[in-house]
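What follows is a single structure, written as structure tokens, with notes after it.
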Amino acid sequence: MIDGEMKSSADLSREHATATRRYFLQRMGISAAGFCVLPLWANEEILNPELQARIQKLAYLTSTEAFRNVERHRPLPYKLPLDKRLQYGLERETWKLEVIKDPESNSRLRNPLSNEEGTALDFPGLMKLAEKQSVRFLKVMTCNNIADPLGMGLWEGVPLRDVIWLAKPDKNIRRVFYRGFHNNNPKQVFQSSLPIGRVLEDPPGEQPIILCYKLNGSPLEGQRGGPVRMIVPEAYGFKSIKWIQTIFLTNNHQANDTYAKQDNDIDSQMKSYARFIHWPKSVKAGNPIPITGVAQAGMSGISKVQYWLQPEKEDVPSGDPYFSKADWLDADILPLPPDWKPEEVDQPLSPIQIDSNQQPREWPLRHTIAHWAALIENTPKGNYVLRCRTIDRNGIAQPMPRPFQKSGGNKIQKVNLKVTG
Ligand SMILES: Nc1nc2c(c(=O)[nH]1)N[C@H]1C(S)=C(S)[C@@H](COP(=O)(O)O)O[C@H]1N2
Ligand SMILES: [Mo]
């Protein structure tokens with residue numbers, strides 16, 4: 001069997017022996033974790049070694065090495081020598097965050113946190129806030145312009161609003177503009193913005209926007225935007241500014257996001273979509289075909305992951321651009337592995353996502369990933385096109401209800417597969 005491996009970040013795969021055991025226990029109806037996500041599968045499928053081996057490779061949180069970067073500064077801040085990193089506030093020891101008024105606006109802050117006045121927030125100051133309130137939640141990092149998730153994380157931080165309140169904002173404030181270290185070169189500024197209302201208040205079921213200093217239980221590395229980055233739970237990556245150093249409160253009602261250039265939809269919340277991780281490019285007739293993938297749950301969640309195996313010689317139906325009438329079959333959404341949590345994390349997880357029995361409140365959780373798997377059987381010899389998609393919790397199939405690419409990629413993925421004689 002020849003493998004068609006995704007070389008991209010959908011390859012969120014690492015050794016994960018226990019996932020397999022659990023998956024197959026569940027398929028036999030013995031629910032180790034108390035989940036009822038999976039239907040019961042026939043015995044010979046449970047023993048399918050190919051699928052078993054593939055599922056074994058799926059890890060829930062993305063390791064440091066596997067996480068993908070989207071970054072544009074030259075030199076890259078985290079590649080500067082230590083003395084420079086210390087000088088520029090790119091280490092915990094010297095990091096400073098300003099919360100000041102937009103110089104071009106009439107906003108009023110009674111206690112600006114500024115470098116000039118020596119009142120900027122430092123890392124111990126942030127940790128003092130963390131003692132009172134820190135939050136830990138799951139979120140997938142995805143670039144709206146890249147087809148696969150960049151990485152799945154458990155992010156820890158202090159709600160941004162707690163820092164903004166320190167600055168005693170008073171009047172004429174409608175948006176929050178923010179930016180990170182950019183080599184003190186105006187051409188390298190990468191910035192984003194949010195409505196003040198979203199920063200101060202969370203809709204039910206939503207996480208706060210955080211100033212994040214830990215990922216997967218470890219200090220946030222320079223490569224991931226450390227010592228401190230913004231994390232906006234529901235948004236694409238460009239809102240989650242790395243190496244955060246400056247926050248401007250403004251009366252400007254318009255966004256100033258760097259990503260507003262190049263036609264990006266800067267208000268887009270993440271979309272639901274499925275991608276392949278493993279499928280065999282070629283398989284002998286008579287052998288079952290194991291496939292695995294990853295699905296991202298966007299703002300409307302996921303109710304199903306589906307696949308469609310179409311003989312290549314068959315025409316795609318006309319007048320049905322998203323193949324809504326095709327023979328889609330349900331894949332199995334794999335549950336959150338009970339051992340998904342890094343050992344370093346001993347503090348409470350977000351009660352919005354995880355209940356007191358350490359179980360997710362819904363599955364898949366919105367703004368996170370789930371893995372999925374299927375075994376395709378009885379496929380005659382021939383060339384095929386294999387596609388996958390999600391159905392959201394409103395019952396709407398990918399790429400609807402928001403097919404516009406610049407609001408985030410969610411095209412139905414298509415790969416080729418050959419069944420040989
Ligand atoms: N300071 C800064 N923050 C940034 C960027 C950047 O280039 N500079 N890229 C953004 C974009 S477009 C994305 S998709 C995410 C990617 O986050 P990651 O590199 O941790 O995967 O970071 C965002 N934050
Ligand atoms: Mo991005």
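Residues in the structure tokens are named by chain (A, B, ... in the order shown) and by number from 1 within that chain; ligands are numbered from 1 in the order shown.
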To check your reading of the model: which residues sit at most 10 Å from ligand 2 when counting only C-alpha atoms and all ligand atoms? Write the answer as a compact mmCIF listing (two decimals) with N, CA and C atoms, in the first residue's frame.
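For reference, selection.txt as written:
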# COMPACT_ATOMS: atom_id res chain seq x y z
N ASN A 69 4.17 27.83 11.81
CA ASN A 69 4.28 29.26 12.07
C ASN A 69 3.73 30.07 10.89
N VAL A 70 3.07 31.17 11.20
CA VAL A 70 2.80 32.19 10.18
C VAL A 70 3.40 33.47 10.74
N GLU A 71 4.44 33.96 10.11
CA GLU A 71 5.26 35.04 10.68
C GLU A 71 5.93 35.76 9.53
N MET A 141 -5.34 26.80 16.29
CA MET A 141 -4.81 27.96 15.57
C MET A 141 -4.91 27.65 14.08
N THR A 142 -5.60 28.52 13.37
CA THR A 142 -5.78 28.32 11.93
C THR A 142 -5.65 29.66 11.23
N CYS A 143 -4.94 29.67 10.11
CA CYS A 143 -4.85 30.88 9.28
C CYS A 143 -5.98 30.82 8.25
N ASN A 144 -6.70 31.91 8.11
CA ASN A 144 -7.82 31.89 7.15
C ASN A 144 -7.36 31.65 5.72
N ASN A 145 -6.06 31.85 5.47
CA ASN A 145 -5.55 31.66 4.10
C ASN A 145 -4.85 30.32 3.89
N ILE A 146 -4.88 29.45 4.89
CA ILE A 146 -4.19 28.16 4.78
C ILE A 146 -5.20 27.04 5.00
N LEU A 150 -3.04 25.02 11.84
CA LEU A 150 -1.60 25.17 12.13
C LEU A 150 -1.21 24.37 13.36
N TYR A 236 -9.73 33.62 13.47
CA TYR A 236 -8.57 33.11 12.75
C TYR A 236 -7.30 33.72 13.33
N GLY A 237 -6.16 33.11 12.96
CA GLY A 237 -4.88 33.42 13.59
C GLY A 237 -4.47 34.89 13.60
N PHE A 238 -4.86 35.64 12.57
CA PHE A 238 -4.33 37.01 12.46
C PHE A 238 -4.77 37.92 13.60
N LYS A 239 -5.81 37.52 14.36
CA LYS A 239 -6.23 38.33 15.52
C LYS A 239 -5.36 38.01 16.74
N SER A 240 -4.66 36.88 16.69
CA SER A 240 -3.89 36.41 17.85
C SER A 240 -2.43 36.86 17.70
N TYR A 259 -4.45 42.45 8.33
CA TYR A 259 -5.12 41.49 7.43
C TYR A 259 -6.30 42.09 6.67
N ASN A 264 -8.97 40.18 3.10
CA ASN A 264 -9.41 39.25 4.15
C ASN A 264 -10.63 39.78 4.89
N GLY A 408 -12.12 32.50 5.35
CA GLY A 408 -11.54 31.26 5.89
C GLY A 408 -11.79 30.11 4.94
Query raised in the report: Which residues, written as a ChimeraX atom specification, have at least one atom at most 6 Å from range 293-307 of chain A, with only C-alpha atoms counted and residues fewer than 5 positions away on the same chain left out?
Result: /A:270-277,328-331,366-372,387-393
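Residues in contact with Tyr213 in chain A at up to 8 Å, not including ones fewer than 3 positions away on its chain and judged by only C-alpha atoms, are Trp155, Glu156, Gly157, Pro219, Leu220, Gly226, Pro227, Val228 and Arg229 of chain A.
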Query - 9 Å contact set for Gly225 in chain A, only C-alpha atoms, chain neighbours under 5 positions out, as a ChimeraX atom specification - result: /A:77-78,180,213,220,230,241-244
Please write the residues from the selection above to a file, keeping all heavy atoms, as a JSON list (two decimals), in the first residue's frame.
[["chain", "number", "residue", "atom", "x", "y", "z"],
["A", 77, "PRO", "N", 11.75, 37.70, 15.61],
["A", 77, "PRO", "CA", 12.05, 38.13, 16.97],
["A", 77, "PRO", "C", 12.70, 37.04, 17.83],
["A", 77, "PRO", "O", 13.67, 37.31, 18.54],
["A", 77, "PRO", "CB", 10.68, 38.52, 17.54],
["A", 77, "PRO", "CG", 9.87, 38.89, 16.34],
["A", 77, "PRO", "CD", 10.38, 38.05, 15.21],
["A", 78, "TYR", "N", 12.22, 35.83, 17.72],
["A", 78, "TYR", "CA", 12.73, 34.77, 18.61],
["A", 78, "TYR", "C", 14.08, 34.23, 18.15],
["A", 78, "TYR", "O", 14.70, 33.43, 18.84],
["A", 78, "TYR", "CB", 11.71, 33.64, 18.76],
["A", 78, "TYR", "CG", 11.31, 32.96, 17.46],
["A", 78, "TYR", "CD1", 12.00, 31.84, 17.00],
["A", 78, "TYR", "CD2", 10.24, 33.44, 16.70],
["A", 78, "TYR", "CE1", 11.63, 31.22, 15.82],
["A", 78, "TYR", "CE2", 9.87, 32.83, 15.52],
["A", 78, "TYR", "CZ", 10.56, 31.73, 15.09],
["A", 78, "TYR", "OH", 10.20, 31.12, 13.92],
["A", 180, "GLY", "N", 2.43, 43.75, 17.99],
["A", 180, "GLY", "CA", 3.55, 43.09, 18.64],
["A", 180, "GLY", "C", 4.87, 43.72, 18.27],
["A", 180, "GLY", "O", 4.92, 44.72, 17.53],
["A", 213, "TYR", "N", 0.37, 33.24, 28.15],
["A", 213, "TYR", "CA", 1.78, 33.05, 28.50],
["A", 213, "TYR", "C", 2.18, 31.58, 28.62],
["A", 213, "TYR", "O", 3.33, 31.26, 28.90],
["A", 213, "TYR", "CB", 2.10, 33.79, 29.82],
["A", 213, "TYR", "CG", 1.13, 33.45, 30.93],
["A", 213, "TYR", "CD1", 1.31, 32.31, 31.71],
["A", 213, "TYR", "CD2", 0.00, 34.24, 31.15],
["A", 213, "TYR", "CE1", 0.39, 31.97, 32.70],
["A", 213, "TYR", "CE2", -0.92, 33.91, 32.14],
["A", 213, "TYR", "CZ", -0.71, 32.77, 32.90],
["A", 213, "TYR", "OH", -1.63, 32.42, 33.86],
["A", 220, "LEU", "N", 5.03, 29.84, 27.08],
["A", 220, "LEU", "CA", 4.87, 30.11, 25.65],
["A", 220, "LEU", "C", 6.23, 30.44, 25.05],
["A", 220, "LEU", "O", 6.89, 31.40, 25.45],
["A", 220, "LEU", "CB", 3.90, 31.28, 25.45],
["A", 220, "LEU", "CG", 3.43, 31.51, 24.02],
["A", 220, "LEU", "CD1", 2.53, 30.39, 23.54],
["A", 220, "LEU", "CD2", 2.73, 32.86, 23.90],
["A", 230, "MET", "N", -1.52, 37.50, 22.22],
["A", 230, "MET", "CA", -2.97, 37.55, 22.31],
["A", 230, "MET", "C", -3.53, 36.22, 21.80],
["A", 230, "MET", "O", -2.98, 35.64, 20.87],
["A", 230, "MET", "CB", -3.47, 38.68, 21.41],
["A", 230, "MET", "CG", -4.86, 39.13, 21.67],
["A", 230, "MET", "SD", -4.97, 40.06, 23.19],
["A", 230, "MET", "CE", -4.53, 41.70, 22.63],
["A", 241, "ILE", "N", -2.22, 38.14, 17.96],
["A", 241, "ILE", "CA", -0.93, 38.79, 17.72],
["A", 241, "ILE", "C", 0.14, 38.23, 18.67],
["A", 241, "ILE", "O", -0.07, 38.14, 19.88],
["A", 241, "ILE", "CB", -1.06, 40.31, 17.92],
["A", 241, "ILE", "CG1", -2.06, 40.89, 16.91],
["A", 241, "ILE", "CG2", 0.30, 41.01, 17.85],
["A", 241, "ILE", "CD1", -1.57, 40.96, 15.49],
["A", 242, "LYS", "N", 1.28, 37.88, 18.08],
["A", 242, "LYS", "CA", 2.42, 37.34, 18.85],
["A", 242, "LYS", "C", 3.32, 38.48, 19.34],
["A", 242, "LYS", "O", 3.28, 39.58, 18.81],
["A", 242, "LYS", "CB", 3.21, 36.37, 17.97],
["A", 242, "LYS", "CG", 2.37, 35.14, 17.58],
["A", 242, "LYS", "CD", 3.14, 34.14, 16.75],
["A", 242, "LYS", "CE", 3.10, 34.48, 15.29],
["A", 242, "LYS", "NZ", 3.53, 33.35, 14.44],
["A", 243, "TRP", "N", 4.14, 38.18, 20.32],
["A", 243, "TRP", "CA", 5.10, 39.14, 20.89],
["A", 243, "TRP", "C", 4.41, 40.45, 21.24],
["A", 243, "TRP", "O", 4.93, 41.56, 20.95],
["A", 243, "TRP", "CB", 6.27, 39.36, 19.91],
["A", 243, "TRP", "CG", 6.78, 38.07, 19.36],
["A", 243, "TRP", "CD1", 7.43, 37.10, 20.04],
["A", 243, "TRP", "CD2", 6.64, 37.59, 18.00],
["A", 243, "TRP", "NE1", 7.71, 36.03, 19.21],
["A", 243, "TRP", "CE2", 7.24, 36.31, 17.94],
["A", 243, "TRP", "CE3", 6.08, 38.11, 16.83],
["A", 243, "TRP", "CZ2", 7.28, 35.56, 16.77],
["A", 243, "TRP", "CZ3", 6.13, 37.36, 15.67],
["A", 243, "TRP", "CH2", 6.73, 36.11, 15.65],
["A", 244, "ILE", "N", 3.24, 40.35, 21.85],
["A", 244, "ILE", "CA", 2.38, 41.53, 22.10],
["A", 244, "ILE", "C", 3.10, 42.52, 23.01],
["A", 244, "ILE", "O", 3.72, 42.13, 24.02],
["A", 244, "ILE", "CB", 1.02, 41.10, 22.69],
["A", 244, "ILE", "CG1", 0.05, 42.27, 22.82],
["A", 244, "ILE", "CG2", 1.16, 40.41, 24.05],
["A", 244, "ILE", "CD1", -0.75, 42.52, 21.61]]
Query - Shell of 9 Å around Gln207 in chain A, only C-alpha atoms, local chain residues under 3 positions omitted, as a VMD selection string - result: chain A and resid 135 137 202 to 204 210 232 to 234 350 352 to 353
Dump of N, CA, C and O atoms for the selected residues, as a PDB file, in the first residue's frame:
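Writing the result to part.pdb gives the following:
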ATOM      1  N   VAL A 135      -7.077  31.617  32.939  1.00  0.00           N
ATOM      2  CA  VAL A 135      -7.970  30.661  32.270  1.00  0.00           C
ATOM      3  C   VAL A 135      -7.169  29.766  31.332  1.00  0.00           C
ATOM      4  O   VAL A 135      -6.125  30.173  30.813  1.00  0.00           O
ATOM      5  N   PHE A 137      -7.923  27.159  28.077  1.00  0.00           N
ATOM      6  CA  PHE A 137      -8.919  26.570  27.166  1.00  0.00           C
ATOM      7  C   PHE A 137      -8.267  26.019  25.905  1.00  0.00           C
ATOM      8  O   PHE A 137      -7.140  26.375  25.555  1.00  0.00           O
ATOM      9  N   ASP A 202     -18.140  38.276  27.329  1.00  0.00           N
ATOM     10  CA  ASP A 202     -18.134  37.067  26.500  1.00  0.00           C
ATOM     11  C   ASP A 202     -19.557  36.563  26.287  1.00  0.00           C
ATOM     12  O   ASP A 202     -20.305  36.413  27.250  1.00  0.00           O
ATOM     13  N   PRO A 203     -19.918  36.241  25.047  1.00  0.00           N
ATOM     14  CA  PRO A 203     -21.222  35.601  24.834  1.00  0.00           C
ATOM     15  C   PRO A 203     -21.251  34.250  25.561  1.00  0.00           C
ATOM     16  O   PRO A 203     -20.190  33.665  25.804  1.00  0.00           O
ATOM     17  N   PRO A 204     -22.442  33.752  25.896  1.00  0.00           N
ATOM     18  CA  PRO A 204     -22.516  32.450  26.575  1.00  0.00           C
ATOM     19  C   PRO A 204     -21.788  31.381  25.773  1.00  0.00           C
ATOM     20  O   PRO A 204     -21.886  31.333  24.547  1.00  0.00           O
ATOM     21  N   ILE A 210      -7.596  36.385  25.723  1.00  0.00           N
ATOM     22  CA  ILE A 210      -6.566  36.343  26.769  1.00  0.00           C
ATOM     23  C   ILE A 210      -5.224  36.864  26.286  1.00  0.00           C
ATOM     24  O   ILE A 210      -4.891  36.796  25.101  1.00  0.00           O
ATOM     25  N   VAL A 232      -7.368  35.032  20.598  1.00  0.00           N
ATOM     26  CA  VAL A 232      -8.791  35.335  20.391  1.00  0.00           C
ATOM     27  C   VAL A 232      -9.471  34.024  20.012  1.00  0.00           C
ATOM     28  O   VAL A 232      -9.279  33.516  18.904  1.00  0.00           O
ATOM     29  N   PRO A 233     -10.232  33.449  20.949  1.00  0.00           N
ATOM     30  CA  PRO A 233     -10.677  32.057  20.808  1.00  0.00           C
ATOM     31  C   PRO A 233     -11.446  31.744  19.531  1.00  0.00           C
ATOM     32  O   PRO A 233     -11.216  30.705  18.922  1.00  0.00           O
ATOM     33  N   GLU A 234     -12.325  32.640  19.112  1.00  0.00           N
ATOM     34  CA  GLU A 234     -13.227  32.310  18.010  1.00  0.00           C
ATOM     35  C   GLU A 234     -12.690  32.731  16.651  1.00  0.00           C
ATOM     36  O   GLU A 234     -13.295  32.471  15.632  1.00  0.00           O
ATOM     37  N   SER A 350     -11.044  25.091  31.484  1.00  0.00           N
ATOM     38  CA  SER A 350     -12.209  25.951  31.271  1.00  0.00           C
ATOM     39  C   SER A 350     -13.508  25.203  31.537  1.00  0.00           C
ATOM     40  O   SER A 350     -13.835  24.236  30.848  1.00  0.00           O
ATOM     41  N   ILE A 352     -16.237  26.153  30.746  1.00  0.00           N
ATOM     42  CA  ILE A 352     -17.088  26.345  29.564  1.00  0.00           C
ATOM     43  C   ILE A 352     -16.934  25.144  28.621  1.00  0.00           C
ATOM     44  O   ILE A 352     -17.860  24.747  27.940  1.00  0.00           O
ATOM     45  N   GLN A 353     -15.730  24.560  28.628  1.00  0.00           N
ATOM     46  CA  GLN A 353     -15.478  23.430  27.717  1.00  0.00           C
ATOM     47  C   GLN A 353     -15.566  22.072  28.408  1.00  0.00           C
ATOM     48  O   GLN A 353     -16.028  21.103  27.813  1.00  0.00           O
TER      49      GLN A 353
END
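The environment of range 159-164 of chain A within 9 Å, counting only C-alpha atoms and disregarding residues fewer than 2 places along the same chain, consists of A:Val99, A:Leu121, A:Leu126, A:Leu129, A:Ala130, A:Gln133, A:Ser134, A:Val135, A:Gly157, A:Leu166, A:Ala167, A:Lys168, A:Pro169, A:Val199, A:Leu200, A:Glu201, A:Pro208, A:Ile209, A:Ile210, A:Leu211, A:Cys212, A:Met230, A:Ile247, A:Leu249.
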Based on the selection just made, write N, CA and C atoms of those residues as a JSON list (two decimals), in the first residue's frame.
[["chain", "number", "residue", "atom", "x", "y", "z"],
["A", 99, "VAL", "N", -0.68, 49.89, 27.74],
["A", 99, "VAL", "CA", -2.10, 50.10, 27.43],
["A", 99, "VAL", "C", -2.30, 51.60, 27.45],
["A", 121, "LEU", "N", 2.86, 47.44, 32.14],
["A", 121, "LEU", "CA", 2.71, 46.16, 32.86],
["A", 121, "LEU", "C", 3.92, 45.27, 32.57],
["A", 126, "LEU", "N", 1.65, 40.78, 35.39],
["A", 126, "LEU", "CA", 0.70, 39.88, 34.71],
["A", 126, "LEU", "C", 0.43, 38.65, 35.59],
["A", 129, "LEU", "N", -2.03, 39.26, 38.31],
["A", 129, "LEU", "CA", -3.41, 39.13, 37.81],
["A", 129, "LEU", "C", -3.78, 37.65, 37.65],
["A", 130, "ALA", "N", -2.78, 36.86, 37.20],
["A", 130, "ALA", "CA", -3.04, 35.43, 36.97],
["A", 130, "ALA", "C", -3.39, 34.71, 38.26],
["A", 133, "GLN", "N", -7.06, 35.53, 38.56],
["A", 133, "GLN", "CA", -7.82, 34.84, 37.52],
["A", 133, "GLN", "C", -6.97, 34.50, 36.31],
["A", 134, "SER", "N", -6.76, 33.19, 36.12],
["A", 134, "SER", "CA", -6.16, 32.75, 34.87],
["A", 134, "SER", "C", -7.11, 31.72, 34.26],
["A", 135, "VAL", "N", -7.08, 31.62, 32.94],
["A", 135, "VAL", "CA", -7.97, 30.66, 32.27],
["A", 135, "VAL", "C", -7.17, 29.77, 31.33],
["A", 157, "GLY", "N", -3.89, 31.94, 29.99],
["A", 157, "GLY", "CA", -3.62, 33.38, 30.06],
["A", 157, "GLY", "C", -4.54, 34.11, 31.01],
["A", 166, "LEU", "N", -6.98, 47.86, 34.43],
["A", 166, "LEU", "CA", -5.89, 48.49, 35.20],
["A", 166, "LEU", "C", -5.60, 49.91, 34.70],
["A", 167, "ALA", "N", -5.82, 50.10, 33.39],
["A", 167, "ALA", "CA", -5.53, 51.41, 32.79],
["A", 167, "ALA", "C", -6.66, 52.42, 33.03],
["A", 168, "LYS", "N", -7.69, 52.00, 33.75],
["A", 168, "LYS", "CA", -8.84, 52.87, 34.06],
["A", 168, "LYS", "C", -9.39, 53.59, 32.81],
["A", 169, "PRO", "N", -9.85, 52.82, 31.85],
["A", 169, "PRO", "CA", -10.46, 53.44, 30.66],
["A", 169, "PRO", "C", -11.72, 54.18, 31.08],
["A", 199, "VAL", "N", -14.20, 42.52, 23.99],
["A", 199, "VAL", "CA", -13.11, 42.31, 24.96],
["A", 199, "VAL", "C", -13.66, 42.28, 26.39],
["A", 200, "LEU", "N", -14.63, 43.14, 26.66],
["A", 200, "LEU", "CA", -15.13, 43.27, 28.02],
["A", 200, "LEU", "C", -16.13, 42.19, 28.41],
["A", 201, "GLU", "N", -16.80, 41.60, 27.41],
["A", 201, "GLU", "CA", -17.91, 40.68, 27.73],
["A", 201, "GLU", "C", -17.89, 39.49, 26.78],
["A", 208, "PRO", "N", -12.99, 34.04, 27.16],
["A", 208, "PRO", "CA", -12.49, 35.40, 27.08],
["A", 208, "PRO", "C", -11.28, 35.50, 26.13],
["A", 209, "ILE", "N", -11.05, 36.68, 25.64],
["A", 209, "ILE", "CA", -9.81, 36.95, 24.90],
["A", 209, "ILE", "C", -8.71, 37.06, 25.95],
["A", 210, "ILE", "N", -7.60, 36.39, 25.72],
["A", 210, "ILE", "CA", -6.57, 36.34, 26.77],
["A", 210, "ILE", "C", -5.22, 36.86, 26.29],
["A", 211, "LEU", "N", -4.45, 37.34, 27.28],
["A", 211, "LEU", "CA", -3.02, 37.55, 27.11],
["A", 211, "LEU", "C", -2.39, 36.24, 27.56],
["A", 212, "CYS", "N", -1.86, 35.50, 26.60],
["A", 212, "CYS", "CA", -1.48, 34.11, 26.83],
["A", 212, "CYS", "C", 0.03, 33.99, 27.11],
["A", 230, "MET", "N", -1.52, 37.50, 22.22],
["A", 230, "MET", "CA", -2.97, 37.55, 22.31],
["A", 230, "MET", "C", -3.53, 36.22, 21.80],
["A", 247, "ILE", "N", -1.01, 48.04, 23.35],
["A", 247, "ILE", "CA", -2.47, 48.06, 23.18],
["A", 247, "ILE", "C", -2.91, 49.52, 23.19],
["A", 249, "LEU", "N", -6.20, 52.00, 23.08],
["A", 249, "LEU", "CA", -7.66, 52.14, 23.15],
["A", 249, "LEU", "C", -8.02, 53.33, 22.27]]
Query - Filtered DSSP result for range 164-403 of chain A, state alpha helix (DSSP H), as a PyMOL selection string - result: chain A and resi 164-166+196-200
**Report entry** Residue nearest ligand 1 among A:Asn172, A:Asn48, A:Thr94, A:Ser193 (counting only C-alpha atoms and all ligand atoms)
**Finding:** A:Ser193
